[in-house]
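Asks: Sharing target-v7.pdb below, PDB, C-alpha atoms and all ligand atoms:
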ATOM      1  CA  MET Q 259     -14.391  58.713 -10.661  1.00  0.00           C
ATOM      2  CA  ALA Q 260     -12.401  55.872 -12.128  1.00  0.00           C
ATOM      3  CA  THR Q 261     -12.178  52.321 -10.866  1.00  0.00           C
ATOM      4  CA  GLU Q 262      -8.576  51.811  -9.768  1.00  0.00           C
ATOM      5  CA  ARG Q 263      -6.496  49.001  -8.363  1.00  0.00           C
ATOM      6  CA  THR Q 264      -3.989  49.473  -5.572  1.00  0.00           C
ATOM      7  CA  LEU Q 265      -1.691  47.444  -3.370  1.00  0.00           C
ATOM      8  CA  ALA Q 266      -2.188  47.214   0.372  1.00  0.00           C
ATOM      9  CA  LEU Q 267       0.292  45.604   2.720  1.00  0.00           C
ATOM     10  CA  ILE Q 268      -0.719  44.597   6.224  1.00  0.00           C
ATOM     11  CA  LYS Q 269       2.719  44.984   7.758  1.00  0.00           C
ATOM     12  CA  PRO Q 270       4.585  42.670  10.177  1.00  0.00           C
ATOM     13  CA  ASP Q 271       3.656  44.780  13.230  1.00  0.00           C
ATOM     14  CA  ALA Q 272      -0.033  44.097  12.520  1.00  0.00           C
ATOM     15  CA  VAL Q 273       0.549  40.372  12.089  1.00  0.00           C
ATOM     16  CA  GLU Q 274       2.611  40.291  15.289  1.00  0.00           C
ATOM     17  CA  SER Q 275      -0.268  42.029  17.115  1.00  0.00           C
ATOM     18  CA  LYS Q 276      -2.834  39.664  15.556  1.00  0.00           C
ATOM     19  CA  ILE Q 277      -4.931  42.526  14.186  1.00  0.00           C
ATOM     20  CA  GLU Q 278      -4.837  41.540  10.501  1.00  0.00           C
ATOM     21  CA  GLY Q 279      -8.470  40.402  10.779  1.00  0.00           C
ATOM     22  CA  ASP Q 280      -9.516  43.812  12.116  1.00  0.00           C
ATOM     23  CA  VAL Q 281      -7.701  45.547   9.260  1.00  0.00           C
ATOM     24  CA  LEU Q 282      -9.319  43.262   6.682  1.00  0.00           C
ATOM     25  CA  ALA Q 283     -12.737  43.932   8.240  1.00  0.00           C
ATOM     26  CA  MET Q 284     -12.176  47.690   7.859  1.00  0.00           C
ATOM     27  CA  ILE Q 285     -11.181  47.154   4.219  1.00  0.00           C
ATOM     28  CA  CYS Q 286     -14.295  45.077   3.477  1.00  0.00           C
ATOM     29  CA  GLN Q 287     -16.592  47.534   5.261  1.00  0.00           C
ATOM     30  CA  SER Q 288     -15.066  50.453   3.328  1.00  0.00           C
ATOM     31  CA  GLY Q 289     -16.421  49.125   0.048  1.00  0.00           C
ATOM     32  CA  LEU Q 290     -13.007  48.312  -1.438  1.00  0.00           C
ATOM     33  CA  ASN Q 291     -13.039  44.924  -3.147  1.00  0.00           C
ATOM     34  CA  ILE Q 292     -10.280  42.398  -2.372  1.00  0.00           C
ATOM     35  CA  LEU Q 293      -9.093  40.887  -5.676  1.00  0.00           C
ATOM     36  CA  ALA Q 294      -6.298  38.755  -4.182  1.00  0.00           C
ATOM     37  CA  ILE Q 295      -4.490  38.223  -0.898  1.00  0.00           C
ATOM     38  CA  LYS Q 296      -1.398  36.307   0.174  1.00  0.00           C
ATOM     39  CA  LYS Q 297       0.811  35.927   3.233  1.00  0.00           C
ATOM     40  CA  VAL Q 298       4.451  36.583   2.390  1.00  0.00           C
ATOM     41  CA  LYS Q 299       7.750  36.973   4.205  1.00  0.00           C
ATOM     42  CA  LEU Q 300      10.085  39.255   2.283  1.00  0.00           C
ATOM     43  CA  SER Q 301      13.833  38.732   2.215  1.00  0.00           C
ATOM     44  CA  ALA Q 302      16.081  41.704   2.972  1.00  0.00           C
ATOM     45  CA  SER Q 303      16.832  42.146  -0.734  1.00  0.00           C
ATOM     46  CA  GLU Q 304      13.133  41.966  -1.701  1.00  0.00           C
ATOM     47  CA  ALA Q 305      12.393  44.591   0.961  1.00  0.00           C
ATOM     48  CA  ALA Q 306      15.114  46.856  -0.430  1.00  0.00           C
ATOM     49  CA  LEU Q 307      13.644  46.449  -3.926  1.00  0.00           C
ATOM     50  CA  PHE Q 308      10.105  47.202  -2.731  1.00  0.00           C
ATOM     51  CA  TYR Q 309      11.209  50.356  -0.909  1.00  0.00           C
ATOM     52  CA  ALA Q 310      13.927  51.374  -3.417  1.00  0.00           C
ATOM     53  CA  VAL Q 311      12.385  54.862  -3.659  1.00  0.00           C
ATOM     54  CA  HIS Q 312      13.488  55.448  -0.030  1.00  0.00           C
ATOM     55  CA  ASP Q 313      17.089  54.221  -0.552  1.00  0.00           C
ATOM     56  CA  GLY Q 314      19.472  56.785   0.928  1.00  0.00           C
ATOM     57  CA  LYS Q 315      17.012  58.134   3.495  1.00  0.00           C
ATOM     58  CA  PRO Q 316      18.013  57.876   7.162  1.00  0.00           C
ATOM     59  CA  PHE Q 317      15.195  55.448   7.948  1.00  0.00           C
ATOM     60  CA  PHE Q 318      15.869  53.085   4.993  1.00  0.00           C
ATOM     61  CA  ALA Q 319      17.705  50.413   7.010  1.00  0.00           C
ATOM     62  CA  ASP Q 320      15.062  50.421   9.755  1.00  0.00           C
ATOM     63  CA  LEU Q 321      12.283  50.324   7.165  1.00  0.00           C
ATOM     64  CA  THR Q 322      13.682  47.398   5.168  1.00  0.00           C
ATOM     65  CA  SER Q 323      14.682  45.357   8.216  1.00  0.00           C
ATOM     66  CA  PHE Q 324      11.216  45.908   9.728  1.00  0.00           C
ATOM     67  CA  ILE Q 325       9.249  45.000   6.594  1.00  0.00           C
ATOM     68  CA  SER Q 326      11.328  41.807   6.223  1.00  0.00           C
ATOM     69  CA  SER Q 327      11.190  40.962   9.950  1.00  0.00           C
ATOM     70  CA  GLY Q 328       8.131  38.715   9.762  1.00  0.00           C
ATOM     71  CA  PRO Q 329       5.151  37.717   7.680  1.00  0.00           C
ATOM     72  CA  LEU Q 330       2.916  40.320   6.088  1.00  0.00           C
ATOM     73  CA  TYR Q 331      -0.203  40.186   3.950  1.00  0.00           C
ATOM     74  CA  ALA Q 332      -0.193  41.571   0.416  1.00  0.00           C
ATOM     75  CA  VAL Q 333      -3.700  42.552  -0.628  1.00  0.00           C
ATOM     76  CA  ALA Q 334      -4.758  43.638  -4.114  1.00  0.00           C
ATOM     77  CA  LEU Q 335      -7.650  46.076  -3.886  1.00  0.00           C
ATOM     78  CA  GLU Q 336     -10.019  47.592  -6.405  1.00  0.00           C
ATOM     79  CA  GLY Q 337     -12.569  50.340  -6.008  1.00  0.00           C
ATOM     80  CA  GLU Q 338     -13.779  53.739  -7.088  1.00  0.00           C
ATOM     81  CA  ASN Q 339     -10.836  56.111  -6.787  1.00  0.00           C
ATOM     82  CA  GLY Q 340      -9.049  53.087  -5.291  1.00  0.00           C
ATOM     83  CA  VAL Q 341      -5.595  54.585  -4.667  1.00  0.00           C
ATOM     84  CA  VAL Q 342      -6.872  57.581  -2.705  1.00  0.00           C
ATOM     85  CA  SER Q 343      -9.729  55.619  -1.081  1.00  0.00           C
ATOM     86  CA  TRP Q 344      -7.270  53.141   0.408  1.00  0.00           C
ATOM     87  CA  ARG Q 345      -4.815  55.846   1.490  1.00  0.00           C
ATOM     88  CA  THR Q 346      -7.661  57.738   3.151  1.00  0.00           C
ATOM     89  CA  LEU Q 347      -8.684  54.626   5.099  1.00  0.00           C
ATOM     90  CA  MET Q 348      -5.024  54.054   6.069  1.00  0.00           C
ATOM     91  CA  GLY Q 349      -4.577  57.543   7.525  1.00  0.00           C
ATOM     92  CA  ALA Q 350      -1.463  59.726   7.719  1.00  0.00           C
ATOM     93  CA  THR Q 351       1.977  58.088   7.685  1.00  0.00           C
ATOM     94  CA  ASN Q 352       2.543  59.190  11.287  1.00  0.00           C
ATOM     95  CA  PRO Q 353      -0.233  57.608  13.407  1.00  0.00           C
ATOM     96  CA  ALA Q 354      -0.032  60.596  15.757  1.00  0.00           C
ATOM     97  CA  GLU Q 355      -1.321  62.740  12.879  1.00  0.00           C
ATOM     98  CA  ALA Q 356      -3.855  60.242  11.510  1.00  0.00           C
ATOM     99  CA  ALA Q 357      -7.551  61.139  11.412  1.00  0.00           C
ATOM    100  CA  GLU Q 358     -10.175  59.464  13.579  1.00  0.00           C
ATOM    101  CA  GLY Q 359     -11.589  56.336  12.025  1.00  0.00           C
ATOM    102  CA  THR Q 360      -8.438  55.457  10.089  1.00  0.00           C
ATOM    103  CA  ILE Q 361      -6.450  52.241  10.465  1.00  0.00           C
ATOM    104  CA  ARG Q 362      -3.269  54.009  11.530  1.00  0.00           C
ATOM    105  CA  LYS Q 363      -5.109  56.110  14.126  1.00  0.00           C
ATOM    106  CA  ARG Q 364      -6.704  52.980  15.568  1.00  0.00           C
ATOM    107  CA  PHE Q 365      -3.747  50.607  15.483  1.00  0.00           C
ATOM    108  CA  GLY Q 366      -0.524  52.472  14.615  1.00  0.00           C
ATOM    109  CA  LYS Q 367       2.101  52.767  17.337  1.00  0.00           C
ATOM    110  CA  ALA Q 368       4.702  54.996  15.632  1.00  0.00           C
ATOM    111  CA  ILE Q 369       5.744  56.308  12.218  1.00  0.00           C
ATOM    112  CA  ASN Q 370       7.894  53.214  11.683  1.00  0.00           C
ATOM    113  CA  ARG Q 371       5.227  50.833  13.057  1.00  0.00           C
ATOM    114  CA  ASN Q 372       2.192  52.089  11.175  1.00  0.00           C
ATOM    115  CA  VAL Q 373       0.433  48.815  10.328  1.00  0.00           C
ATOM    116  CA  VAL Q 374      -0.307  49.275   6.625  1.00  0.00           C
ATOM    117  CA  HIS Q 375       1.144  50.315   3.285  1.00  0.00           C
ATOM    118  CA  GLY Q 376      -0.647  51.735   0.275  1.00  0.00           C
ATOM    119  CA  SER Q 377       0.537  52.621  -3.208  1.00  0.00           C
ATOM    120  CA  ASP Q 378       0.748  56.367  -3.821  1.00  0.00           C
ATOM    121  CA  SER Q 379      -0.348  56.400  -7.486  1.00  0.00           C
ATOM    122  CA  VAL Q 380      -2.007  54.217 -10.117  1.00  0.00           C
ATOM    123  CA  GLU Q 381       1.357  53.910 -11.851  1.00  0.00           C
ATOM    124  CA  ASN Q 382       3.165  52.729  -8.709  1.00  0.00           C
ATOM    125  CA  ALA Q 383       0.247  50.466  -7.806  1.00  0.00           C
ATOM    126  CA  LYS Q 384       0.781  48.558 -11.058  1.00  0.00           C
ATOM    127  CA  ILE Q 385       4.490  48.134 -10.306  1.00  0.00           C
ATOM    128  CA  GLU Q 386       3.937  47.125  -6.668  1.00  0.00           C
ATOM    129  CA  MET Q 387       1.050  44.731  -7.406  1.00  0.00           C
ATOM    130  CA  ALA Q 388       3.182  42.923  -9.998  1.00  0.00           C
ATOM    131  CA  ILE Q 389       5.780  42.189  -7.275  1.00  0.00           C
ATOM    132  CA  PHE Q 390       3.233  40.056  -5.421  1.00  0.00           C
ATOM    133  CA  PHE Q 391       0.590  38.936  -7.925  1.00  0.00           C
ATOM    134  CA  SER Q 392       0.102  37.841 -11.513  1.00  0.00           C
ATOM    135  CA  GLU Q 393      -2.998  38.992 -13.432  1.00  0.00           C
ATOM    136  CA  LEU Q 394      -4.366  35.431 -13.256  1.00  0.00           C
ATOM    137  CA  GLU Q 395      -4.647  35.684  -9.461  1.00  0.00           C
ATOM    138  CA  TYR Q 396      -7.165  38.541  -9.470  1.00  0.00           C
ATOM    139  CA  VAL Q 397     -10.744  37.470  -8.800  1.00  0.00           C
ATOM    140  CA  LYS Q 398     -13.534  40.042  -9.011  1.00  0.00           C
TER     141      LYS Q 398
HETATM  142  P1  LIG Q 401       3.374  55.867   3.403  1.00  0.00           P
HETATM  143  O1  LIG Q 401       3.109  55.871   1.933  1.00  0.00           O
HETATM  144  O2  LIG Q 401       2.342  56.624   4.202  1.00  0.00           O
HETATM  145  O3  LIG Q 401       3.595  54.480   3.957  1.00  0.00           O
HETATM  146  O4  LIG Q 401       4.723  56.679   3.636  1.00  0.00           O
HETATM  147  P2  LIG Q 401       6.102  56.754   2.807  1.00  0.00           P
HETATM  148  O5  LIG Q 401       5.981  56.047   1.486  1.00  0.00           O
HETATM  149  O6  LIG Q 401       6.528  58.167   2.798  1.00  0.00           O
HETATM  150  O7  LIG Q 401       7.142  55.964   3.720  1.00  0.00           O
HETATM  151  C1  LIG Q 401       7.176  54.564   3.722  1.00  0.00           C
HETATM  152  C2  LIG Q 401       7.267  54.102   5.142  1.00  0.00           C
HETATM  153  O8  LIG Q 401       8.519  54.542   5.683  1.00  0.00           O
HETATM  154  C3  LIG Q 401       6.213  54.682   6.066  1.00  0.00           C
HETATM  155  O9  LIG Q 401       5.016  53.943   6.087  1.00  0.00           O
HETATM  156  C4  LIG Q 401       6.899  54.666   7.407  1.00  0.00           C
HETATM  157  O10 LIG Q 401       6.736  53.396   8.038  1.00  0.00           O
HETATM  158  C5  LIG Q 401       8.353  54.864   7.051  1.00  0.00           C
HETATM  159  N1  LIG Q 401       8.746  56.271   7.251  1.00  0.00           N
HETATM  160  C6  LIG Q 401       8.370  57.340   6.513  1.00  0.00           C
HETATM  161  N2  LIG Q 401       8.915  58.464   6.992  1.00  0.00           N
HETATM  162  C7  LIG Q 401       9.660  58.098   8.063  1.00  0.00           C
HETATM  163  C8  LIG Q 401      10.484  58.810   8.983  1.00  0.00           C
HETATM  164  O11 LIG Q 401      10.642  60.028   8.920  1.00  0.00           O
HETATM  165  N3  LIG Q 401      11.086  58.064   9.963  1.00  0.00           N
HETATM  166  C9  LIG Q 401      10.928  56.711  10.048  1.00  0.00           C
HETATM  167  N4  LIG Q 401      11.554  56.038  11.034  1.00  0.00           N
HETATM  168  N5  LIG Q 401      10.167  56.013   9.202  1.00  0.00           N
HETATM  169  C10 LIG Q 401       9.540  56.692   8.217  1.00  0.00           C
END
Translate the structure described by the file into C-alpha cells.
Replies:
Amino acid sequence: MATERTLALIKPDAVESKIEGDVLAMICQSGLNILAIKKVKLSASEAALFYAVHDGKPFFADLTSFISSGPLYAVALEGENGVVSWRTLMGATNPAEAAEGTIRKRFGKAINRNVVHGSDSVENAKIEMAIFFSELEYVK
C-alpha cells in the first residue's frame, strides 16, 4: 500500500455542534497523521469553486450555501492508503447508510449535514489540498 495524502474538511455542522474535537480524536486514533490544520470560513464563490464538480446538480445551491455558512476546519492527512482510509472512517455520504464506527454514523444528521468531507482520489486530493495549504505548511 502506498502512503497517500488527502484532504479532510470538518464541516460547519460539526463546528456548530462543537464536535470537531471528537472528530479529530477519531482521526488521530485511526492512525492517520495530521500534516496541517486550519479554521476557515469560505465565501460563496470559494464554496462554488470547491464543489464545482457538483455544479448543475439539484443540491448544488444547498451544498454551497451550507459549506460557506460558518467556519470549518481543513485538515491535511497522510497515511497508508490515505484516501480510502479517510473515506472509510468518514462512512457513507448518507449517514443513514453509514457503517457502525464511522464519523457520519456517529454524528451525521442527514445527507446534507454529514459532518465531514474527504477527497475521492489522490489526484483530487492534490487539487483540494492546494486550495487550503501550501507545501511549506505540512509538518510530518
Ligand atoms: P462525499 O464525497 O461522500 O462527501 O459525497 P459527494 O462528493 O457525492 O457529495 C458532496 C456532498 O454533497 C455530500 O457530502 C453531501 O453533503 C452532498 N450531497 C450529495 N448527494 C446529495 C443529495 O442527493 N442531496 C443532497 N441534499 N446533498 C447531497
Asks: Could you tell me how far CA of Gly337 (chain Q) sits from atom O8 of ligand LIG 401 (chain Q), in Å to one decimal place?
Replies: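 The value is 24.5 Å.
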Asks: Could you build a table of the residues in chain Q lying no more than 10 Å from ligand LIG 401 (chain Q), giving for each the nearest pair of atoms and their separation in Å rounded to one decimal place, using only C-alpha atoms and all ligand atoms, ordered by chain and ascending residue number, as CSV?
Replies:
residue,atom,partner,partner_atom,distance
Q:Ala266,CA,Q:LIG401,O3,10.0
Q:Leu267,CA,Q:LIG401,O3,9.6
Q:Lys269,CA,Q:LIG401,O10,9.3
Q:Tyr309,CA,Q:LIG401,C1,7.4
Q:Val311,CA,Q:LIG401,O5,8.3
Q:His312,CA,Q:LIG401,O7,7.4
Q:Lys315,CA,Q:LIG401,C8,8.6
Q:Pro316,CA,Q:LIG401,N3,7.5
Q:Phe317,CA,Q:LIG401,N4,4.8
Q:Phe318,CA,Q:LIG401,O8,7.5
Q:Ala319,CA,Q:LIG401,N4,9.3
Q:Asp320,CA,Q:LIG401,N4,6.7
Q:Leu321,CA,Q:LIG401,O8,5.8
Q:Thr322,CA,Q:LIG401,O8,8.8
Q:Phe324,CA,Q:LIG401,O10,8.9
Q:Ile325,CA,Q:LIG401,O10,8.9
Q:Arg345,CA,Q:LIG401,O2,7.7
Q:Met348,CA,Q:LIG401,O2,8.0
Q:Gly349,CA,Q:LIG401,O2,7.7
Q:Ala350,CA,Q:LIG401,O2,6.0
Q:Thr351,CA,Q:LIG401,O2,3.8
Q:Asn352,CA,Q:LIG401,C4,7.4
Q:Pro353,CA,Q:LIG401,O2,9.6
Q:Arg362,CA,Q:LIG401,O2,9.6
Q:Gly366,CA,Q:LIG401,O10,9.8
Q:Ala368,CA,Q:LIG401,O10,8.0
Q:Ile369,CA,Q:LIG401,O10,5.2
Q:Asn370,CA,Q:LIG401,O10,3.8
Q:Arg371,CA,Q:LIG401,O10,5.8
Q:Asn372,CA,Q:LIG401,O10,5.7
Q:Val373,CA,Q:LIG401,O9,8.1
Q:Val374,CA,Q:LIG401,O3,7.0
Q:His375,CA,Q:LIG401,O3,4.9
Q:Gly376,CA,Q:LIG401,O1,5.8
Q:Ser377,CA,Q:LIG401,O1,6.6
Q:Asp378,CA,Q:LIG401,O1,6.2
Asks: Save out the residues we just selected, C-alpha atoms, as a PDB file, in the frame of the given file.
Replies:
ATOM      1  CA  ALA Q 266      -2.188  47.214   0.372  1.00  0.00           C
ATOM      2  CA  LEU Q 267       0.292  45.604   2.720  1.00  0.00           C
ATOM      3  CA  LYS Q 269       2.719  44.984   7.758  1.00  0.00           C
ATOM      4  CA  TYR Q 309      11.209  50.356  -0.909  1.00  0.00           C
ATOM      5  CA  VAL Q 311      12.385  54.862  -3.659  1.00  0.00           C
ATOM      6  CA  HIS Q 312      13.488  55.448  -0.030  1.00  0.00           C
ATOM      7  CA  LYS Q 315      17.012  58.134   3.495  1.00  0.00           C
ATOM      8  CA  PRO Q 316      18.013  57.876   7.162  1.00  0.00           C
ATOM      9  CA  PHE Q 317      15.195  55.448   7.948  1.00  0.00           C
ATOM     10  CA  PHE Q 318      15.869  53.085   4.993  1.00  0.00           C
ATOM     11  CA  ALA Q 319      17.705  50.413   7.010  1.00  0.00           C
ATOM     12  CA  ASP Q 320      15.062  50.421   9.755  1.00  0.00           C
ATOM     13  CA  LEU Q 321      12.283  50.324   7.165  1.00  0.00           C
ATOM     14  CA  THR Q 322      13.682  47.398   5.168  1.00  0.00           C
ATOM     15  CA  PHE Q 324      11.216  45.908   9.728  1.00  0.00           C
ATOM     16  CA  ILE Q 325       9.249  45.000   6.594  1.00  0.00           C
ATOM     17  CA  ARG Q 345      -4.815  55.846   1.490  1.00  0.00           C
ATOM     18  CA  MET Q 348      -5.024  54.054   6.069  1.00  0.00           C
ATOM     19  CA  GLY Q 349      -4.577  57.543   7.525  1.00  0.00           C
ATOM     20  CA  ALA Q 350      -1.463  59.726   7.719  1.00  0.00           C
ATOM     21  CA  THR Q 351       1.977  58.088   7.685  1.00  0.00           C
ATOM     22  CA  ASN Q 352       2.543  59.190  11.287  1.00  0.00           C
ATOM     23  CA  PRO Q 353      -0.233  57.608  13.407  1.00  0.00           C
ATOM     24  CA  ARG Q 362      -3.269  54.009  11.530  1.00  0.00           C
ATOM     25  CA  GLY Q 366      -0.524  52.472  14.615  1.00  0.00           C
ATOM     26  CA  ALA Q 368       4.702  54.996  15.632  1.00  0.00           C
ATOM     27  CA  ILE Q 369       5.744  56.308  12.218  1.00  0.00           C
ATOM     28  CA  ASN Q 370       7.894  53.214  11.683  1.00  0.00           C
ATOM     29  CA  ARG Q 371       5.227  50.833  13.057  1.00  0.00           C
ATOM     30  CA  ASN Q 372       2.192  52.089  11.175  1.00  0.00           C
ATOM     31  CA  VAL Q 373       0.433  48.815  10.328  1.00  0.00           C
ATOM     32  CA  VAL Q 374      -0.307  49.275   6.625  1.00  0.00           C
ATOM     33  CA  HIS Q 375       1.144  50.315   3.285  1.00  0.00           C
ATOM     34  CA  GLY Q 376      -0.647  51.735   0.275  1.00  0.00           C
ATOM     35  CA  SER Q 377       0.537  52.621  -3.208  1.00  0.00           C
ATOM     36  CA  ASP Q 378       0.748  56.367  -3.821  1.00  0.00           C
TER      37      ASP Q 378
END
Asks: For Ala383 (chain Q), please output as a VMD selection string all residues within 12 Å (counting all atoms listed in the file; exclusion window: fewer than 6 positions along the same chain).
Replies: chain Q and resid 262 to 267 308 333 to 336 340 to 342 344 to 345 375 to 377 389 to 391
Asks: Next, dump the selected residues to file, keeping only C-alpha atoms, as a PDB file, in the coordinates of the input.
Replies:
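Saved as again-v5.pdb:
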ATOM      1  CA  GLU Q 262      -8.576  51.811  -9.768  1.00  0.00           C
ATOM      2  CA  ARG Q 263      -6.496  49.001  -8.363  1.00  0.00           C
ATOM      3  CA  THR Q 264      -3.989  49.473  -5.572  1.00  0.00           C
ATOM      4  CA  LEU Q 265      -1.691  47.444  -3.370  1.00  0.00           C
ATOM      5  CA  ALA Q 266      -2.188  47.214   0.372  1.00  0.00           C
ATOM      6  CA  LEU Q 267       0.292  45.604   2.720  1.00  0.00           C
ATOM      7  CA  PHE Q 308      10.105  47.202  -2.731  1.00  0.00           C
ATOM      8  CA  VAL Q 333      -3.700  42.552  -0.628  1.00  0.00           C
ATOM      9  CA  ALA Q 334      -4.758  43.638  -4.114  1.00  0.00           C
ATOM     10  CA  LEU Q 335      -7.650  46.076  -3.886  1.00  0.00           C
ATOM     11  CA  GLU Q 336     -10.019  47.592  -6.405  1.00  0.00           C
ATOM     12  CA  GLY Q 340      -9.049  53.087  -5.291  1.00  0.00           C
ATOM     13  CA  VAL Q 341      -5.595  54.585  -4.667  1.00  0.00           C
ATOM     14  CA  VAL Q 342      -6.872  57.581  -2.705  1.00  0.00           C
ATOM     15  CA  TRP Q 344      -7.270  53.141   0.408  1.00  0.00           C
ATOM     16  CA  ARG Q 345      -4.815  55.846   1.490  1.00  0.00           C
ATOM     17  CA  HIS Q 375       1.144  50.315   3.285  1.00  0.00           C
ATOM     18  CA  GLY Q 376      -0.647  51.735   0.275  1.00  0.00           C
ATOM     19  CA  SER Q 377       0.537  52.621  -3.208  1.00  0.00           C
ATOM     20  CA  ILE Q 389       5.780  42.189  -7.275  1.00  0.00           C
ATOM     21  CA  PHE Q 390       3.233  40.056  -5.421  1.00  0.00           C
ATOM     22  CA  PHE Q 391       0.590  38.936  -7.925  1.00  0.00           C
TER      23      PHE Q 391
END
Asks: Could you jot down the CA of Ala332 (chain Q) to CA of Ile361 (chain Q) separation for me, Å, one decimal place?
Replies: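 CA of Ile361 (chain Q) lies 15.9 Å from CA of Ala332 (chain Q).
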Asks: Could you work out an axis-aligned box for region 288-294 of chain Q, taking every atom the file lists and adding 6 Å on each side, and report centre and edge lengths in Å to one decimal, as AutoDock Vina command-line options?
Replies:
--center_x -11.4 --center_y 44.6 --center_z -1.2 --size_x 22.1 --size_y 23.7 --size_z 21.0
Asks: Could you get me a file of region 303-319 of chain Q with N, CA, C and O atoms, as a compact mmCIF listing (two decimals), in the first residue's frame, taken from the block above?
Replies:
# COMPACT_ATOMS: atom_id res chain seq x y z
N SER Q 303 -18.34 32.20 -3.31
CA SER Q 303 -17.64 31.87 -4.56
C SER Q 303 -16.56 30.82 -4.33
O SER Q 303 -16.33 29.96 -5.19
N GLU Q 304 -15.89 30.84 -3.18
CA GLU Q 304 -14.91 29.80 -2.86
C GLU Q 304 -15.60 28.44 -2.72
O GLU Q 304 -15.08 27.41 -3.15
N ALA Q 305 -16.78 28.45 -2.11
CA ALA Q 305 -17.55 27.20 -1.96
C ALA Q 305 -17.95 26.64 -3.32
O ALA Q 305 -17.86 25.43 -3.56
N ALA Q 306 -18.35 27.52 -4.22
CA ALA Q 306 -18.75 27.08 -5.57
C ALA Q 306 -17.55 26.51 -6.31
O ALA Q 306 -17.67 25.52 -7.04
N LEU Q 307 -16.37 27.09 -6.10
CA LEU Q 307 -15.15 26.59 -6.73
C LEU Q 307 -14.80 25.21 -6.16
O LEU Q 307 -14.50 24.26 -6.90
N PHE Q 308 -14.87 25.09 -4.84
CA PHE Q 308 -14.51 23.82 -4.19
C PHE Q 308 -15.41 22.69 -4.66
O PHE Q 308 -14.95 21.56 -4.89
N TYR Q 309 -16.70 22.98 -4.81
CA TYR Q 309 -17.66 21.94 -5.19
C TYR Q 309 -18.08 22.05 -6.66
O TYR Q 309 -19.17 21.60 -7.03
N ALA Q 310 -17.20 22.61 -7.50
CA ALA Q 310 -17.53 22.83 -8.92
C ALA Q 310 -18.01 21.55 -9.61
O ALA Q 310 -18.85 21.61 -10.52
N VAL Q 311 -17.47 20.40 -9.19
CA VAL Q 311 -17.85 19.13 -9.80
C VAL Q 311 -19.36 18.85 -9.66
O VAL Q 311 -19.95 18.11 -10.45
N HIS Q 312 -19.99 19.47 -8.65
CA HIS Q 312 -21.43 19.25 -8.42
C HIS Q 312 -22.31 20.35 -9.02
O HIS Q 312 -23.53 20.34 -8.85
N ASP Q 313 -21.68 21.32 -9.73
CA ASP Q 313 -22.44 22.42 -10.34
C ASP Q 313 -23.48 21.83 -11.31
O ASP Q 313 -23.15 20.95 -12.11
N GLY Q 314 -24.71 22.29 -11.18
CA GLY Q 314 -25.78 21.79 -12.05
C GLY Q 314 -26.65 20.74 -11.37
O GLY Q 314 -27.75 20.45 -11.84
N LYS Q 315 -26.16 20.18 -10.27
CA LYS Q 315 -26.98 19.18 -9.56
C LYS Q 315 -28.01 19.90 -8.70
O LYS Q 315 -27.80 21.04 -8.28
N PRO Q 316 -29.13 19.23 -8.42
CA PRO Q 316 -30.22 19.91 -7.69
C PRO Q 316 -29.81 20.39 -6.30
O PRO Q 316 -30.38 21.36 -5.80
N PHE Q 317 -28.82 19.73 -5.69
CA PHE Q 317 -28.44 20.11 -4.33
C PHE Q 317 -27.27 21.10 -4.29
O PHE Q 317 -26.77 21.41 -3.22
N PHE Q 318 -26.83 21.61 -5.47
CA PHE Q 318 -25.64 22.47 -5.51
C PHE Q 318 -25.80 23.74 -4.67
O PHE Q 318 -24.90 24.11 -3.90
N ALA Q 319 -26.94 24.40 -4.79
CA ALA Q 319 -27.14 25.66 -4.05
C ALA Q 319 -27.15 25.41 -2.55
O ALA Q 319 -26.52 26.14 -1.77
